[in-house]
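What follows is query.pdb (PDB, C-alpha atoms).
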```
ATOM      1  CA  MET T   1      91.819 -11.939  58.072
ATOM      2  CA  LEU T   2      88.814 -10.627  59.978
ATOM      3  CA  GLY T   3      87.197  -7.487  58.607
ATOM      4  CA  ALA T   4      87.081  -5.500  55.366
ATOM      5  CA  THR T   5      90.072  -4.964  53.110
ATOM      6  CA  ARG T   6      91.001  -1.479  51.913
ATOM      7  CA  ASP T   7      89.916  -2.240  48.357
ATOM      8  CA  ALA T   8      86.414  -3.347  49.372
ATOM      9  CA  GLY T   9      84.623  -0.115  48.506
ATOM     10  CA  PHE T  10      82.371   1.580  51.042
ATOM     11  CA  VAL T  11      82.309  -0.087  54.440
ATOM     12  CA  PHE T  12      81.417   1.239  57.871
ATOM     13  CA  ASP T  13      84.034   2.157  60.441
ATOM     14  CA  ASN T  14      83.484  -0.918  62.592
ATOM     15  CA  GLU T  15      84.523  -3.168  59.670
ATOM     16  CA  LYS T  16      87.936  -1.496  59.328
ATOM     17  CA  TRP T  17      90.361  -3.015  58.759
ATOM     18  CA  ALA T  18      91.131  -6.632  57.983
ATOM     19  CA  HIS T  19      93.510  -8.043  60.593
ATOM     20  CA  PRO T  20      94.741 -11.548  61.444
ATOM     21  CA  VAL T  21      92.969 -13.622  64.061
ATOM     22  CA  ARG T  22      93.547 -17.240  64.971
ATOM     23  CA  VAL T  23      90.602 -19.585  64.428
ATOM     24  CA  GLU T  24      90.861 -23.119  65.734
ATOM     25  CA  PRO T  25      89.114 -25.942  63.861
ATOM     26  CA  PHE T  26      85.359 -25.790  64.343
ATOM     27  CA  SER T  27      82.130 -27.318  63.072
ATOM     28  CA  ILE T  28      79.236 -25.005  62.170
ATOM     29  CA  SER T  29      75.698 -25.911  61.153
ATOM     30  CA  LYS T  30      74.727 -25.723  57.504
ATOM     31  CA  THR T  31      71.557 -23.753  58.314
ATOM     32  CA  CYS T  32      70.002 -21.644  61.010
ATOM     33  CA  VAL T  33      67.889 -23.208  63.746
ATOM     34  CA  THR T  34      64.319 -23.769  62.543
ATOM     35  CA  ASN T  35      61.027 -23.024  64.245
ATOM     36  CA  GLY T  36      60.511 -26.754  64.655
ATOM     37  CA  GLU T  37      63.864 -27.231  66.338
ATOM     38  CA  PHE T  38      63.279 -24.295  68.666
ATOM     39  CA  MET T  39      59.775 -25.562  69.423
ATOM     40  CA  ALA T  40      61.311 -28.761  70.809
ATOM     41  CA  PHE T  41      63.301 -26.626  73.248
ATOM     42  CA  VAL T  42      60.151 -24.734  74.293
ATOM     43  CA  GLU T  43      58.151 -27.932  74.787
ATOM     44  CA  ASP T  44      60.968 -29.465  76.837
ATOM     45  CA  ALA T  45      60.417 -26.682  79.408
ATOM     46  CA  GLY T  46      63.481 -24.834  78.154
ATOM     47  CA  TYR T  47      62.251 -21.494  79.458
ATOM     48  CA  SER T  48      61.745 -22.764  82.994
ATOM     49  CA  ARG T  49      64.994 -24.692  83.427
ATOM     50  CA  ARG T  50      67.398 -22.408  85.261
ATOM     51  CA  GLU T  51      70.442 -24.530  84.410
ATOM     52  CA  LEU T  52      70.115 -23.657  80.716
ATOM     53  CA  TRP T  53      70.368 -19.911  81.202
ATOM     54  CA  SER T  54      73.177 -17.532  82.031
ATOM     55  CA  LEU T  55      72.711 -15.314  85.073
ATOM     56  CA  GLU T  56      71.848 -12.288  82.941
ATOM     57  CA  GLY T  57      69.671 -14.395  80.676
ATOM     58  CA  TRP T  58      67.695 -15.803  83.592
ATOM     59  CA  GLN T  59      67.222 -12.355  85.087
ATOM     60  CA  TRP T  60      65.897 -11.146  81.748
ATOM     61  CA  ARG T  61      63.588 -14.171  81.370
ATOM     62  CA  VAL T  62      62.055 -13.696  84.801
ATOM     63  CA  ALA T  63      61.614  -9.937  84.362
ATOM     64  CA  ALA T  64      60.082 -10.397  80.902
ATOM     65  CA  GLY T  65      57.918 -13.331  81.958
ATOM     66  CA  ALA T  66      59.086 -15.117  78.804
ATOM     67  CA  SER T  67      57.913 -18.685  78.243
ATOM     68  CA  GLN T  68      58.250 -18.870  74.433
ATOM     69  CA  PRO T  69      59.349 -16.574  71.598
ATOM     70  CA  VAL T  70      57.625 -13.219  71.822
ATOM     71  CA  TYR T  71      55.342 -13.674  68.803
ATOM     72  CA  TRP T  72      54.345 -17.277  69.510
ATOM     73  CA  ARG T  73      51.197 -18.566  71.205
ATOM     74  CA  LYS T  74      49.460 -21.904  71.661
ATOM     75  CA  SER T  75      45.801 -21.958  70.634
ATOM     76  CA  ASP T  76      43.617 -25.075  70.925
ATOM     77  CA  GLY T  77      46.742 -27.174  71.306
ATOM     78  CA  PHE T  78      48.486 -25.801  68.206
ATOM     79  CA  TRP T  79      51.375 -23.360  68.004
ATOM     80  CA  GLN T  80      50.870 -20.145  66.053
ATOM     81  CA  MET T  81      53.120 -17.236  65.201
ATOM     82  CA  ARG T  82      52.085 -13.639  64.714
ATOM     83  CA  VAL T  83      53.103 -12.450  61.235
ATOM     84  CA  TYR T  84      52.541  -8.700  61.116
ATOM     85  CA  ASP T  85      48.839  -8.419  62.091
ATOM     86  CA  GLU T  86      47.790 -12.059  61.631
ATOM     87  CA  TRP T  87      48.197 -15.241  63.653
ATOM     88  CA  GLN T  88      49.319 -18.087  61.408
ATOM     89  CA  PRO T  89      50.392 -21.714  61.881
ATOM     90  CA  ILE T  90      54.119 -21.868  62.523
ATOM     91  CA  SER T  91      56.200 -22.856  59.523
ATOM     92  CA  MET T  92      58.268 -25.641  61.037
ATOM     93  CA  HIS T  93      61.138 -25.480  58.542
ATOM     94  CA  ALA T  94      61.522 -21.698  58.435
ATOM     95  CA  ALA T  95      64.324 -20.083  60.418
ATOM     96  CA  VAL T  96      63.300 -19.188  63.942
ATOM     97  CA  MET T  97      63.068 -15.417  64.349
ATOM     98  CA  HIS T  98      62.469 -12.764  67.021
ATOM     99  CA  VAL T  99      64.588 -14.578  69.590
ATOM    100  CA  ASN T 100      67.234 -12.685  71.500
ATOM    101  CA  ALA T 101      70.794 -13.612  72.382
ATOM    102  CA  TYR T 102      69.784 -14.951  75.796
ATOM    103  CA  GLU T 103      67.238 -17.292  74.212
ATOM    104  CA  ALA T 104      69.788 -18.378  71.606
ATOM    105  CA  HIS T 105      72.371 -19.228  74.278
ATOM    106  CA  ALA T 106      69.785 -21.159  76.332
ATOM    107  CA  TYR T 107      68.787 -23.187  73.287
ATOM    108  CA  CYS T 108      72.436 -23.946  72.562
ATOM    109  CA  ARG T 109      73.033 -25.199  76.092
ATOM    110  CA  TRP T 110      69.922 -27.386  75.838
ATOM    111  CA  ALA T 111      71.099 -28.789  72.491
ATOM    112  CA  GLY T 112      74.720 -29.263  73.570
ATOM    113  CA  ARG T 113      75.830 -26.632  71.063
ATOM    114  CA  ARG T 114      77.089 -23.032  71.146
ATOM    115  CA  LEU T 115      76.886 -19.831  69.118
ATOM    116  CA  PRO T 116      79.692 -19.162  66.629
ATOM    117  CA  SER T 117      82.253 -16.489  67.358
ATOM    118  CA  GLU T 118      82.474 -13.576  64.959
ATOM    119  CA  PRO T 119      85.676 -14.893  63.293
ATOM    120  CA  GLU T 120      84.124 -18.331  62.889
ATOM    121  CA  TRP T 121      81.018 -16.891  61.269
ATOM    122  CA  GLU T 122      83.005 -14.740  58.841
ATOM    123  CA  TYR T 123      85.362 -17.623  58.036
ATOM    124  CA  ALA T 124      82.453 -19.938  57.182
ATOM    125  CA  ALA T 125      80.812 -17.210  55.080
ATOM    126  CA  SER T 126      83.769 -15.839  53.171
ATOM    127  CA  VAL T 127      86.904 -18.015  53.056
ATOM    128  CA  GLU T 128      87.551 -20.178  50.002
ATOM    129  CA  ALA T 129      87.719 -23.856  50.860
ATOM    130  CA  HIS T 130      90.873 -24.419  48.788
ATOM    131  CA  SER T 131      92.444 -20.955  48.858
ATOM    132  CA  LEU T 132      92.562 -19.745  52.421
ATOM    133  CA  SER T 133      94.152 -16.419  51.460
ATOM    134  CA  HIS T 134      91.115 -15.282  49.434
ATOM    135  CA  LYS T 135      87.884 -14.041  50.966
ATOM    136  CA  ARG T 136      84.632 -13.765  49.075
ATOM    137  CA  ARG T 137      82.569 -10.580  49.334
ATOM    138  CA  TYR T 138      79.429 -12.726  49.553
ATOM    139  CA  PRO T 139      79.112 -16.392  50.551
ATOM    140  CA  TRP T 140      78.703 -17.516  46.933
ATOM    141  CA  GLY T 141      81.439 -15.297  45.466
ATOM    142  CA  ASP T 142      81.925 -11.689  44.435
ATOM    143  CA  GLU T 143      78.827 -11.257  42.264
ATOM    144  CA  PRO T 144      76.125  -9.044  43.814
ATOM    145  CA  PRO T 145      73.079 -10.652  45.452
ATOM    146  CA  ASP T 146      70.026 -11.641  43.456
ATOM    147  CA  CYS T 147      66.698 -13.242  44.333
ATOM    148  CA  GLY T 148      68.033 -16.696  43.481
ATOM    149  CA  ARG T 149      70.876 -16.529  45.981
ATOM    150  CA  ALA T 150      69.535 -14.711  49.027
ATOM    151  CA  ASN T 151      66.299 -13.798  50.761
ATOM    152  CA  LEU T 152      66.794 -10.037  50.918
ATOM    153  CA  TYR T 153      64.478  -7.047  50.553
ATOM    154  CA  GLY T 154      62.178  -7.605  47.583
ATOM    155  CA  SER T 155      62.444 -11.397  47.636
ATOM    156  CA  SER T 156      59.801 -12.010  50.305
ATOM    157  CA  ASP T 157      58.304 -10.449  53.422
ATOM    158  CA  HIS T 158      59.069 -13.293  55.809
ATOM    159  CA  ALA T 159      61.739 -15.781  56.851
ATOM    160  CA  ALA T 160      62.110 -18.628  54.368
ATOM    161  CA  ASP T 161      62.596 -22.376  54.731
ATOM    162  CA  VAL T 162      66.208 -22.962  55.760
ATOM    163  CA  ALA T 163      66.714 -25.282  52.766
ATOM    164  CA  ALA T 164      65.899 -22.520  50.271
ATOM    165  CA  PHE T 165      68.441 -20.578  48.177
ATOM    166  CA  PRO T 166      71.048 -23.320  47.596
ATOM    167  CA  ARG T 167      72.742 -21.132  44.970
ATOM    168  CA  GLY T 168      73.815 -18.856  47.802
ATOM    169  CA  ASP T 169      75.833 -21.465  49.695
ATOM    170  CA  SER T 170      79.288 -20.555  50.942
ATOM    171  CA  ALA T 171      82.393 -22.468  49.890
ATOM    172  CA  TRP T 172      81.895 -24.672  52.964
ATOM    173  CA  GLY T 173      78.252 -25.430  52.151
ATOM    174  CA  CYS T 174      76.688 -23.059  54.672
ATOM    175  CA  ARG T 175      73.302 -21.777  53.495
ATOM    176  CA  GLN T 176      71.644 -18.358  53.846
ATOM    177  CA  MET T 177      74.596 -16.678  55.537
ATOM    178  CA  ILE T 178      73.387 -13.590  53.699
ATOM    179  CA  GLY T 179      69.689 -12.807  54.036
ATOM    180  CA  ASN T 180      66.709 -14.550  55.640
ATOM    181  CA  VAL T 181      67.433 -13.718  59.319
ATOM    182  CA  TRP T 182      70.153 -11.846  61.163
ATOM    183  CA  GLU T 183      72.337 -14.258  63.106
ATOM    184  CA  TRP T 184      73.467 -13.770  66.694
ATOM    185  CA  THR T 185      77.118 -14.496  67.404
ATOM    186  CA  ALA T 186      78.792 -15.158  70.741
ATOM    187  CA  ASP T 187      80.869 -11.972  70.663
ATOM    188  CA  THR T 188      80.466  -8.549  72.199
ATOM    189  CA  PHE T 189      80.628  -5.629  69.775
ATOM    190  CA  THR T 190      84.138  -4.197  70.119
ATOM    191  CA  PRO T 191      86.406  -2.130  67.847
ATOM    192  CA  TYR T 192      88.950  -3.728  65.560
ATOM    193  CA  PRO T 193      92.610  -2.794  66.170
ATOM    194  CA  GLY T 194      93.386   0.793  65.172
ATOM    195  CA  PHE T 195      89.716   1.782  65.054
ATOM    196  CA  VAL T 196      89.028   5.334  63.920
ATOM    197  CA  ALA T 197      85.478   6.665  63.885
ATOM    198  CA  ASP T 198      84.082   7.790  60.560
ATOM    199  CA  PRO T 199      82.556  11.289  60.199
ATOM    200  CA  TYR T 200      79.309   9.992  61.734
ATOM    201  CA  GLN T 201      81.004   9.368  65.051
ATOM    202  CA  ASP T 202      77.926   8.053  66.863
ATOM    203  CA  TYR T 203      77.414   5.107  64.510
ATOM    204  CA  SER T 204      79.663   2.566  66.262
ATOM    205  CA  GLU T 205      81.754   3.949  69.092
ATOM    206  CA  PRO T 206      78.988   4.621  71.668
ATOM    207  CA  TRP T 207      77.865   0.995  71.495
ATOM    208  CA  PHE T 208      81.161  -0.808  71.963
ATOM    209  CA  GLY T 209      81.203  -3.092  74.986
ATOM    210  CA  ASP T 210      77.499  -3.540  75.723
ATOM    211  CA  HIS T 211      76.027  -4.765  72.431
ATOM    212  CA  THR T 212      76.231  -8.187  70.790
ATOM    213  CA  VAL T 213      77.290  -8.741  67.177
ATOM    214  CA  LEU T 214      74.871 -10.107  64.592
ATOM    215  CA  ARG T 215      75.847 -11.061  61.067
ATOM    216  CA  GLY T 216      74.351 -11.755  57.668
ATOM    217  CA  GLY T 217      71.317  -9.552  57.049
ATOM    218  CA  CYS T 218      67.663 -10.573  56.790
ATOM    219  CA  PHE T 219      64.739 -10.542  54.382
ATOM    220  CA  ALA T 220      64.234  -6.831  55.098
ATOM    221  CA  THR T 221      67.862  -5.871  54.339
ATOM    222  CA  ARG T 222      68.697  -4.031  51.121
ATOM    223  CA  ALA T 223      70.968  -6.029  48.836
ATOM    224  CA  HIS T 224      73.353  -3.121  48.192
ATOM    225  CA  LEU T 225      73.974  -2.768  51.926
ATOM    226  CA  ILE T 226      74.970  -6.261  53.030
ATOM    227  CA  HIS T 227      78.198  -8.251  52.583
ATOM    228  CA  ASN T 228      80.245 -10.772  54.543
ATOM    229  CA  THR T 229      82.095  -8.277  56.753
ATOM    230  CA  TRP T 230      79.026  -6.210  57.722
ATOM    231  CA  ARG T 231      78.541  -6.069  61.510
ATOM    232  CA  ASN T 232      75.137  -5.428  63.042
ATOM    233  CA  PHE T 233      74.802  -4.938  66.796
ATOM    234  CA  TYR T 234      72.016  -4.949  69.363
ATOM    235  CA  THR T 235      71.699  -5.438  73.098
ATOM    236  CA  ALA T 236      71.244  -9.084  74.047
ATOM    237  CA  ASP T 237      67.647  -8.589  75.223
ATOM    238  CA  ARG T 238      66.210  -7.383  71.887
ATOM    239  CA  ARG T 239      63.444  -9.605  70.522
ATOM    240  CA  ASP T 240      61.969  -7.188  67.990
ATOM    241  CA  VAL T 241      64.827  -7.762  65.535
ATOM    242  CA  PHE T 242      64.438 -10.128  62.546
ATOM    243  CA  ALA T 243      67.093 -12.284  64.186
ATOM    244  CA  GLY T 244      67.743 -15.977  64.629
ATOM    245  CA  PHE T 245      70.960 -17.989  64.911
ATOM    246  CA  ARG T 246      72.964 -20.990  63.761
ATOM    247  CA  THR T 247      75.037 -23.165  66.058
ATOM    248  CA  CYS T 248      78.479 -24.704  66.353
ATOM    249  CA  ALA T 249      79.673 -27.926  67.916
ATOM    250  CA  ALA T 250      80.422 -27.283  71.563
ATOM    251  CA  LYS T 251      84.158 -26.784  71.436
ATOM    252  CA  ARG T 252      86.056 -23.771  72.693
ATOM    253  CA  SER T 253      87.366 -21.441  69.968
ATOM    254  CA  VAL T 254      89.294 -18.198  69.892
ATOM    255  CA  SER T 255      87.066 -15.135  69.919
ATOM    256  CA  ALA T 256      87.417 -11.820  68.109
ATOM    257  CA  ALA T 257      89.251 -10.434  71.121
ATOM    258  CA  ASP T 258      92.169 -12.847  70.640
ATOM    259  CA  HIS T 259      93.969 -10.917  67.919
ATOM    260  CA  ILE T 260      97.388 -11.866  66.568
ATOM    261  CA  GLY T 261     100.128  -9.275  66.595
TER     262      GLY T 261
END
```
Would you write the structure of this file as structure tokens?
Amino acid sequence: MLGATRDAGFVFDNEKWAHPVRVEPFSISKTCVTNGEFMAFVEDAGYSRRELWSLEGWQWRVAAGASQPVYWRKSDGFWQMRVYDEWQPISMHAAVMHVNAYEAHAYCRWAGRRLPSEPEWEYAASVEAHSLSHKRRYPWGDEPPDCGRANLYGSSDHAADVAAFPRGDSAWGCRQMIGNVWEWTADTFTPYPGFVADPYQDYSEPWFGDHTVLRGGCFATRAHLIHNTWRNFYTADRRDVFAGFRTCAAKRSVSAADHIG
């Protein structure tokens, strides 16, 4: 059941309401892609290899002159990352951040992987491993977030090591599905069946069809705001967002558009 249930408390209009979708078996990574993993893609000429990029992605890359993540540079043979107003050595095991959807897709093609669909992401974050009819509000259960489970606002001011916060694992063992970095999915932001705009009508509806869905929150997200069904959305070219991604094994799955009923 993709989306929020009617007893979930406050949710935004684009989360309404839970509806059945078919999800084929899939394999998703335990953690997000790290800086070190993405660096291997950069150093293997990933930004200059046309075959790794979609048409739109390649057009963006050429226009932007992108050859590495936007806040990376190489100085005296060593990679650095700009953190606010300072250049620092790149933390190899932290989640890669400030990459857009085009860069995420190109990395996936290079690695022989793919981005998860929205239903796959929510399934891995919320469904009980032994009770498929019950969804958790958060990956670890229904208790609210705390600094031991998720890297959210107040925990730190940067992306953490992807091995951190084991107490926040989902039932399937996926880590940091809430907090740390927003995660790009493969799906376009579209309404759920029967969508009705909330009183703030410009929140979701104007952006359907040309934005990409992100899930999970980041270290700058307030804990009271985020939960497993929350849908963030940006255009695929945005690199200013605290966003990274996790990957799935390269096997076709049913997307959010393939609703049942």
Which residues fall under the PyMOL selection byres ((chain T and resi 111) around 10) in this file, as a ChimeraX atom specification? /T:37-38,40-41,52,105-110,112-114,247,249-250
Can you list what the PyMOL selection byres ((chain T and resi 43-50) around 12) grabs from this structure, as an MDAnalysis selection string? chainID T and resid 35:42 51:62 64:69 74 77:79 102:111
Can you spell out as a list in words the set of residues that the PyMOL selection byres ((chain T and resi 82-85) around 10) selects in the structure I just provided? Val70, Tyr71, Trp72, Arg73, Gln80, Met81, Glu86, Trp87, Gln88, Pro89, Ile90, Asp157 and His158 of chain T
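Among the candidates T:Ala186, T:Tyr234, T:Val99, T:His93, the residue lying nearest to T:Asp161 is T:His93 (atoms considered: all atoms listed in the file).
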What does the structure give for the distance between atom CA of T:Val127 and atom CA of T:Thr31, in Å to one decimal? 17.2 Å
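Of the listed residues (T:Ser155, T:Thr34, T:Ser126, T:Asn100), T:Ser126 comes nearest to T:Asp142; the distances count only C-alpha atoms.
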Residues of stretch 141-210 of chain T at most 9 Å from stretch 215-222 of chain T: nearest atom pair and distance in Å, all atoms listed in the file, as JSON lines:
```
{"residue": "T:Ala150", "atom": "CA", "partner": "T:Phe219", "partner_atom": "CA", "distance": 8.3}
{"residue": "T:Asn151", "atom": "CA", "partner": "T:Phe219", "partner_atom": "CA", "distance": 5.1}
{"residue": "T:Leu152", "atom": "CA", "partner": "T:Phe219", "partner_atom": "CA", "distance": 4.1}
{"residue": "T:Tyr153", "atom": "CA", "partner": "T:Ala220", "partner_atom": "CA", "distance": 4.6}
{"residue": "T:Gly154", "atom": "CA", "partner": "T:Ala220", "partner_atom": "CA", "distance": 7.8}
{"residue": "T:Ser155", "atom": "CA", "partner": "T:Phe219", "partner_atom": "CA", "distance": 7.2}
{"residue": "T:Ser156", "atom": "CA", "partner": "T:Phe219", "partner_atom": "CA", "distance": 6.6}
{"residue": "T:Asp157", "atom": "CA", "partner": "T:Phe219", "partner_atom": "CA", "distance": 6.5}
{"residue": "T:His158", "atom": "CA", "partner": "T:Phe219", "partner_atom": "CA", "distance": 6.5}
{"residue": "T:Ala159", "atom": "CA", "partner": "T:Phe219", "partner_atom": "CA", "distance": 6.5}
{"residue": "T:Ala160", "atom": "CA", "partner": "T:Phe219", "partner_atom": "CA", "distance": 8.5}
{"residue": "T:Gln176", "atom": "CA", "partner": "T:Gly216", "partner_atom": "CA", "distance": 8.1}
{"residue": "T:Met177", "atom": "CA", "partner": "T:Gly216", "partner_atom": "CA", "distance": 5.4}
{"residue": "T:Ile178", "atom": "CA", "partner": "T:Gly216", "partner_atom": "CA", "distance": 4.5}
{"residue": "T:Gly179", "atom": "CA", "partner": "T:Cys218", "partner_atom": "CA", "distance": 4.1}
{"residue": "T:Asn180", "atom": "CA", "partner": "T:Cys218", "partner_atom": "CA", "distance": 4.2}
{"residue": "T:Val181", "atom": "CA", "partner": "T:Cys218", "partner_atom": "CA", "distance": 4.0}
{"residue": "T:Trp182", "atom": "CA", "partner": "T:Gly217", "partner_atom": "CA", "distance": 4.9}
{"residue": "T:Glu183", "atom": "CA", "partner": "T:Arg215", "partner_atom": "CA", "distance": 5.2}
{"residue": "T:Trp184", "atom": "CA", "partner": "T:Arg215", "partner_atom": "CA", "distance": 6.7}
{"residue": "T:Thr185", "atom": "CA", "partner": "T:Arg215", "partner_atom": "CA", "distance": 7.3}
```
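Taking atom CA of T:Phe245 as the reference point, atom CA of T:Gly3 is found at 20.3 Å.
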Atom CA of T:Cys147 to atom CA of T:Ala163, straight-line distance in Å: 14.7 Å
Looking at only C-alpha atoms, which of T:Lys135, T:Val196, T:Arg167, T:Asp187 is the one that sits closest to T:Gly148? T:Arg167
Can you tell me, as an MDAnalysis selection string, what residues are no more than 12 Å from T:Lys16 when counting only C-alpha atoms, ignoring any on the same chain fewer than 6 positions away? chainID T and resid 1:10 190:198 204 229:231
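The nearest approach to T:Met97 among the residues T:Phe189, T:His227, T:Val162, T:Tyr138, with all atoms listed in the file taken into account, belongs to T:Val162.
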Per-axis box centre and lengths in Å around stretch 210-216 of chain T, 3 Å margin per side, axis-aligned, as lines of an AutoDock Vina configuration file:
```
center_x = 75.9
center_y = -7.6
center_z = 66.7
size_x = 9.1
size_y = 14.2
size_z = 24.1
```
From the structure just shown, export stretch 183-259 of chain T with C-alpha atoms as a PDB file, in the first residue's frame.
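Just written: selection-v9.pdb:
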```
ATOM      1  CA  GLU T 183      17.470  10.092  -1.790  1.00  0.00           C
ATOM      2  CA  TRP T 184      16.636  10.377  -5.480  1.00  0.00           C
ATOM      3  CA  THR T 185      14.213   7.803  -6.844  1.00  0.00           C
ATOM      4  CA  ALA T 186      13.597   6.814 -10.452  1.00  0.00           C
ATOM      5  CA  ASP T 187      10.044   8.171 -10.525  1.00  0.00           C
ATOM      6  CA  THR T 188       8.498  11.388 -11.749  1.00  0.00           C
ATOM      7  CA  PHE T 189       6.401  13.277  -9.207  1.00  0.00           C
ATOM      8  CA  THR T 190       2.780  12.463 -10.051  1.00  0.00           C
ATOM      9  CA  PRO T 191      -0.485  12.478  -8.070  1.00  0.00           C
ATOM     10  CA  TYR T 192      -1.806   9.386  -6.354  1.00  0.00           C
ATOM     11  CA  PRO T 193      -5.227   8.125  -7.516  1.00  0.00           C
ATOM     12  CA  GLY T 194      -8.067  10.413  -6.438  1.00  0.00           C
ATOM     13  CA  PHE T 195      -5.725  13.300  -5.636  1.00  0.00           C
ATOM     14  CA  VAL T 196      -7.387  16.381  -4.178  1.00  0.00           C
ATOM     15  CA  ALA T 197      -5.334  19.485  -3.455  1.00  0.00           C
ATOM     16  CA  ASP T 198      -5.214  20.690   0.123  1.00  0.00           C
ATOM     17  CA  PRO T 199      -6.096  24.326   0.960  1.00  0.00           C
ATOM     18  CA  TYR T 200      -2.577  25.381  -0.081  1.00  0.00           C
ATOM     19  CA  GLN T 201      -3.234  24.407  -3.670  1.00  0.00           C
ATOM     20  CA  ASP T 202       0.190  25.393  -5.013  1.00  0.00           C
ATOM     21  CA  TYR T 203       2.104  22.961  -2.800  1.00  0.00           C
ATOM     22  CA  SER T 204       1.980  19.891  -5.066  1.00  0.00           C
ATOM     23  CA  GLU T 205      -0.228  20.230  -8.117  1.00  0.00           C
ATOM     24  CA  PRO T 206       1.847  22.749 -10.138  1.00  0.00           C
ATOM     25  CA  TRP T 207       4.872  20.453 -10.008  1.00  0.00           C
ATOM     26  CA  PHE T 208       3.345  17.179 -11.142  1.00  0.00           C
ATOM     27  CA  GLY T 209       4.963  15.775 -14.268  1.00  0.00           C
ATOM     28  CA  ASP T 210       8.267  17.655 -14.392  1.00  0.00           C
ATOM     29  CA  HIS T 211       9.840  17.017 -10.983  1.00  0.00           C
ATOM     30  CA  THR T 212      11.533  13.900  -9.621  1.00  0.00           C
ATOM     31  CA  VAL T 213      10.652  12.299  -6.283  1.00  0.00           C
ATOM     32  CA  LEU T 214      13.138  12.199  -3.417  1.00  0.00           C
ATOM     33  CA  ARG T 215      12.567  10.338  -0.177  1.00  0.00           C
ATOM     34  CA  GLY T 216      13.835  10.125   3.375  1.00  0.00           C
ATOM     35  CA  GLY T 217      14.901  13.546   4.639  1.00  0.00           C
ATOM     36  CA  CYS T 218      18.403  14.786   5.449  1.00  0.00           C
ATOM     37  CA  PHE T 219      20.485  16.127   8.316  1.00  0.00           C
ATOM     38  CA  ALA T 220      18.769  19.510   7.934  1.00  0.00           C
ATOM     39  CA  THR T 221      15.220  18.083   8.126  1.00  0.00           C
ATOM     40  CA  ARG T 222      13.143  18.595  11.265  1.00  0.00           C
ATOM     41  CA  ALA T 223      12.277  15.338  13.000  1.00  0.00           C
ATOM     42  CA  HIS T 224       8.586  16.209  13.413  1.00  0.00           C
ATOM     43  CA  LEU T 225       8.253  16.700   9.659  1.00  0.00           C
ATOM     44  CA  ILE T 226       9.629  13.486   8.180  1.00  0.00           C
ATOM     45  CA  HIS T 227       8.177   9.963   7.946  1.00  0.00           C
ATOM     46  CA  ASN T 228       8.223   7.056   5.510  1.00  0.00           C
ATOM     47  CA  THR T 229       5.489   8.333   3.181  1.00  0.00           C
ATOM     48  CA  TRP T 230       6.822  11.905   2.881  1.00  0.00           C
ATOM     49  CA  ARG T 231       7.506  12.872  -0.752  1.00  0.00           C
ATOM     50  CA  ASN T 232      10.005  15.575  -1.641  1.00  0.00           C
ATOM     51  CA  PHE T 233      10.359  16.729  -5.244  1.00  0.00           C
ATOM     52  CA  TYR T 234      12.853  18.710  -7.296  1.00  0.00           C
ATOM     53  CA  THR T 235      13.769  19.064 -10.946  1.00  0.00           C
ATOM     54  CA  ALA T 236      16.382  16.537 -12.035  1.00  0.00           C
ATOM     55  CA  ASP T 237      19.087  19.180 -12.549  1.00  0.00           C
ATOM     56  CA  ARG T 238      19.191  20.471  -8.947  1.00  0.00           C
ATOM     57  CA  ARG T 239      22.582  20.067  -7.277  1.00  0.00           C
ATOM     58  CA  ASP T 240      22.082  22.476  -4.382  1.00  0.00           C
ATOM     59  CA  VAL T 241      19.887  20.000  -2.490  1.00  0.00           C
ATOM     60  CA  PHE T 242      21.297  17.868   0.365  1.00  0.00           C
ATOM     61  CA  ALA T 243      20.609  14.857  -1.836  1.00  0.00           C
ATOM     62  CA  GLY T 244      22.316  11.580  -2.617  1.00  0.00           C
ATOM     63  CA  PHE T 245      20.958   8.156  -3.568  1.00  0.00           C
ATOM     64  CA  ARG T 246      21.012   4.416  -2.970  1.00  0.00           C
ATOM     65  CA  THR T 247      20.867   1.823  -5.718  1.00  0.00           C
ATOM     66  CA  CYS T 248      19.049  -1.348  -6.692  1.00  0.00           C
ATOM     67  CA  ALA T 249      20.154  -4.389  -8.636  1.00  0.00           C
ATOM     68  CA  ALA T 250      19.539  -3.750 -12.309  1.00  0.00           C
ATOM     69  CA  LYS T 251      16.241  -5.515 -12.787  1.00  0.00           C
ATOM     70  CA  ARG T 252      13.066  -3.992 -14.153  1.00  0.00           C
ATOM     71  CA  SER T 253      10.369  -3.284 -11.548  1.00  0.00           C
ATOM     72  CA  VAL T 254       6.902  -1.795 -11.594  1.00  0.00           C
ATOM     73  CA  SER T 255       6.878   1.953 -11.048  1.00  0.00           C
ATOM     74  CA  ALA T 256       4.458   4.143  -9.116  1.00  0.00           C
ATOM     75  CA  ALA T 257       2.471   4.660 -12.301  1.00  0.00           C
ATOM     76  CA  ASP T 258       1.512   0.970 -12.477  1.00  0.00           C
ATOM     77  CA  HIS T 259      -1.340   1.076  -9.985  1.00  0.00           C
TER      78      HIS T 259
END
```
